[in-house]
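Participant: Mind looking over this structure? Questions follow.
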Amino acid sequence: MNDWHAWAALAVFAAAYVLIITEWVHRVAAALGGAAAMLALRATDDEAAFFSTDSGIDWNVIFLLMGMMMIVGVLKRTGLFEYLAVWSVKRARAKPFRVMAMLVVITAAASALLDNVTTVLLVAPVTLLVCQRLGLKAAPFLIAEVFASNIGGTATLVGDPPNIIIASRAGLNFNDFLVHLAPLAVVLTAVLLVMCRFLFRAHFTYDERRAAEVMALNEREAIHDRRLLAQGLAVLALVIAGFVLHPVVHYAPSVVALLGAGILVAISKAEVKDVLAEVEWPTLAFFAGLFVMVGALIETGVIETVSEALADATGGSPLGAVMLLLVASAILSGVVDNIPYVATMAPITADLAHTVGQPYGTVLWWALALGADLGGNATAIGASANVVVLGIAERNRQPISFWTFTRYGLPVTAVTVAVSALYLWLRHFALA
């Protein structure tokens with residue numbers, strides 16, 4: 001890392017990160033400004049930033065988000081989310097913690113079947129309506145759901161984008177993730193529920209009047225366009241099937257989402273401008289800027305240098321390598337988005353796995369997946385789902401600051417990573 005471009009890229013990223021943390025400027029301005037500085041300093045170039053699959057903007061993520069936002073925008077017009085909001089509150093007897101527990105479990109389970117970004121796009125509108133009905137602040141509920149989405153996403157190959165990268169590089173299949181990580185995801189979801197009971201206890205205010213009003217509602221009356229609802233749910237089911245059947249149909253998630261959005265807009269005859277108005281454009285712009293900045297760190301060798309240092313620090317011990325990779329991945333994934341981090345770390349992990357040998361080589365991949373997925377909960381920009389939910393909250397005039405998210409994210413990350421370390425040790429070393 002002797003090239004001055006590497007130091008310049010590191011300085012720009014650090015400055016942008018400080019601006020995002022302190023919120024001296026809007027996070028979109030900080031990300032786009034940082035991206036512009038990287039290009040101006042030639043830490044990266046237009047080809048690498050816009051066309052490279054390894055160090056540029058991940059258009060698959062951008063268009064996946066855009067397509068799903070359009071589908072959700074159409075579904076909002078049917079009254080579906082109002083229906084789900086009233087239904088969930090009534091099932092939880094309008095008790096705030098019970099409502100949060102229900103939403104957390106639903107989010108974690110859905111994130112194992114869908115990708116976690118799609119899940120939060122569907123659950124967040126319901127949460128906002130639930131909190132509005134009960135007179136509660138939405139931020140604690142949205143934050144808890146983000147944690148649940150990142151935890152649930154660890155369970156399967158399709159749950160979190162880093163898992164797809166790991167599976168491809170390590171030759172792992174859907175059942176491998178299900179057998180090795182799904183049991184842990186269930187345990188971590190239970191741990192999260194216990195932590196939520198204490199972390200957010202000040203926000204569980206029960207308003208008897210509002211609760212009685214909600215309990216008296218008929219959720220079926222919320223549905224005001226049954227034809228559009230049927231069309232929207234049919235398209236959503238096809239999109240979900242496309243995600244799950246990716247190994248068979250070989251369509252990228254972004255293509256599936258855009259096809260679904262296009263079909264739904266066409267058959268529903270919804271106004272295109274109204275549907276596009278539902279897209280969180282600032283969130284997409286933030287992702288683009290963040291991808292360019294992290295891509296510059298990859299292009300200049302900064303992330304590779306850090307990753308190789310981690311590999312060298314293992315000392316040849318399989319247990320030491322697993323634990324170091326788990327903890328280091330959790331820390332680094334809280335600073336940079338976990339997708340480019342895993343893309344960079346995957347080849348280094350492959351070399352390390354070859355050096356360590358079997359049966360411990362495969363355990364390194366589980367450590368990388370857990371560290372990257374769970375470390376995404378540490379900060380507001382650690383994972384894609386975090387950024388999406390913050391954008392939705394801001395749009396609905398209930399902004400969540402970087403520090404508000406991080407204040408809760410750090411302890412959740414620390415505890416879940418500690419439980420994961422214990423799990424890996426017990427299953428693959430102590431009881432092997």
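Chain labels A, B, ... are given in the sequence in which chains occur in the structure tokens; within each chain residues are numbered consecutively from 1, and ligands are likewise numbered from 1 in the order shown.
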From the DSSP assignment of the backbone, select every residue of segment 55-251 of chain A that is helix (DSSP H, G or I), and format the answer as a ChimeraX atom specification.

Facilitator: /A:59-76,80-91,96-113,116-134,138-155,161-170,174-180,182-199,201-203,208-215,219-222,226-244,246-249

Participant: Between A:Val336, A:Cys131, A:Leu122, A:Leu245, which one has atoms that come closest to Asp373 of chain A, using only C-alpha atoms?

Facilitator: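 Among A:Val336, A:Cys131, A:Leu122, A:Leu245, it is A:Val336 that comes nearest to Asp373 of chain A.
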
Participant: Excluding Leu80 of chain A and residues on its chain fewer than 2 positions from it, collect all residues at most 12 Å away from it, counting only C-alpha atoms, and give them as a PyMOL selection string.

Facilitator: chain A and resi 72-78+82-87+122-123+125-126+129+219-230+232-233

Participant: Which of these, A:Lys95, A:Lys273, A:His354, A:Lys137, has the shortest distance to Ile400 of chain A once you count only C-alpha atoms?

Facilitator: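 Closest to Ile400 of chain A, using only C-alpha atoms: A:Lys137.
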
Participant: At a cut-off of 10 Å, using only C-alpha atoms, what residues contact Ala212 of chain A? Leave out same-chain residues fewer than 2 positions from it and give the result as a PyMOL selection string.

Facilitator: chain A and resi 90+93-94+134+207-210+214-217
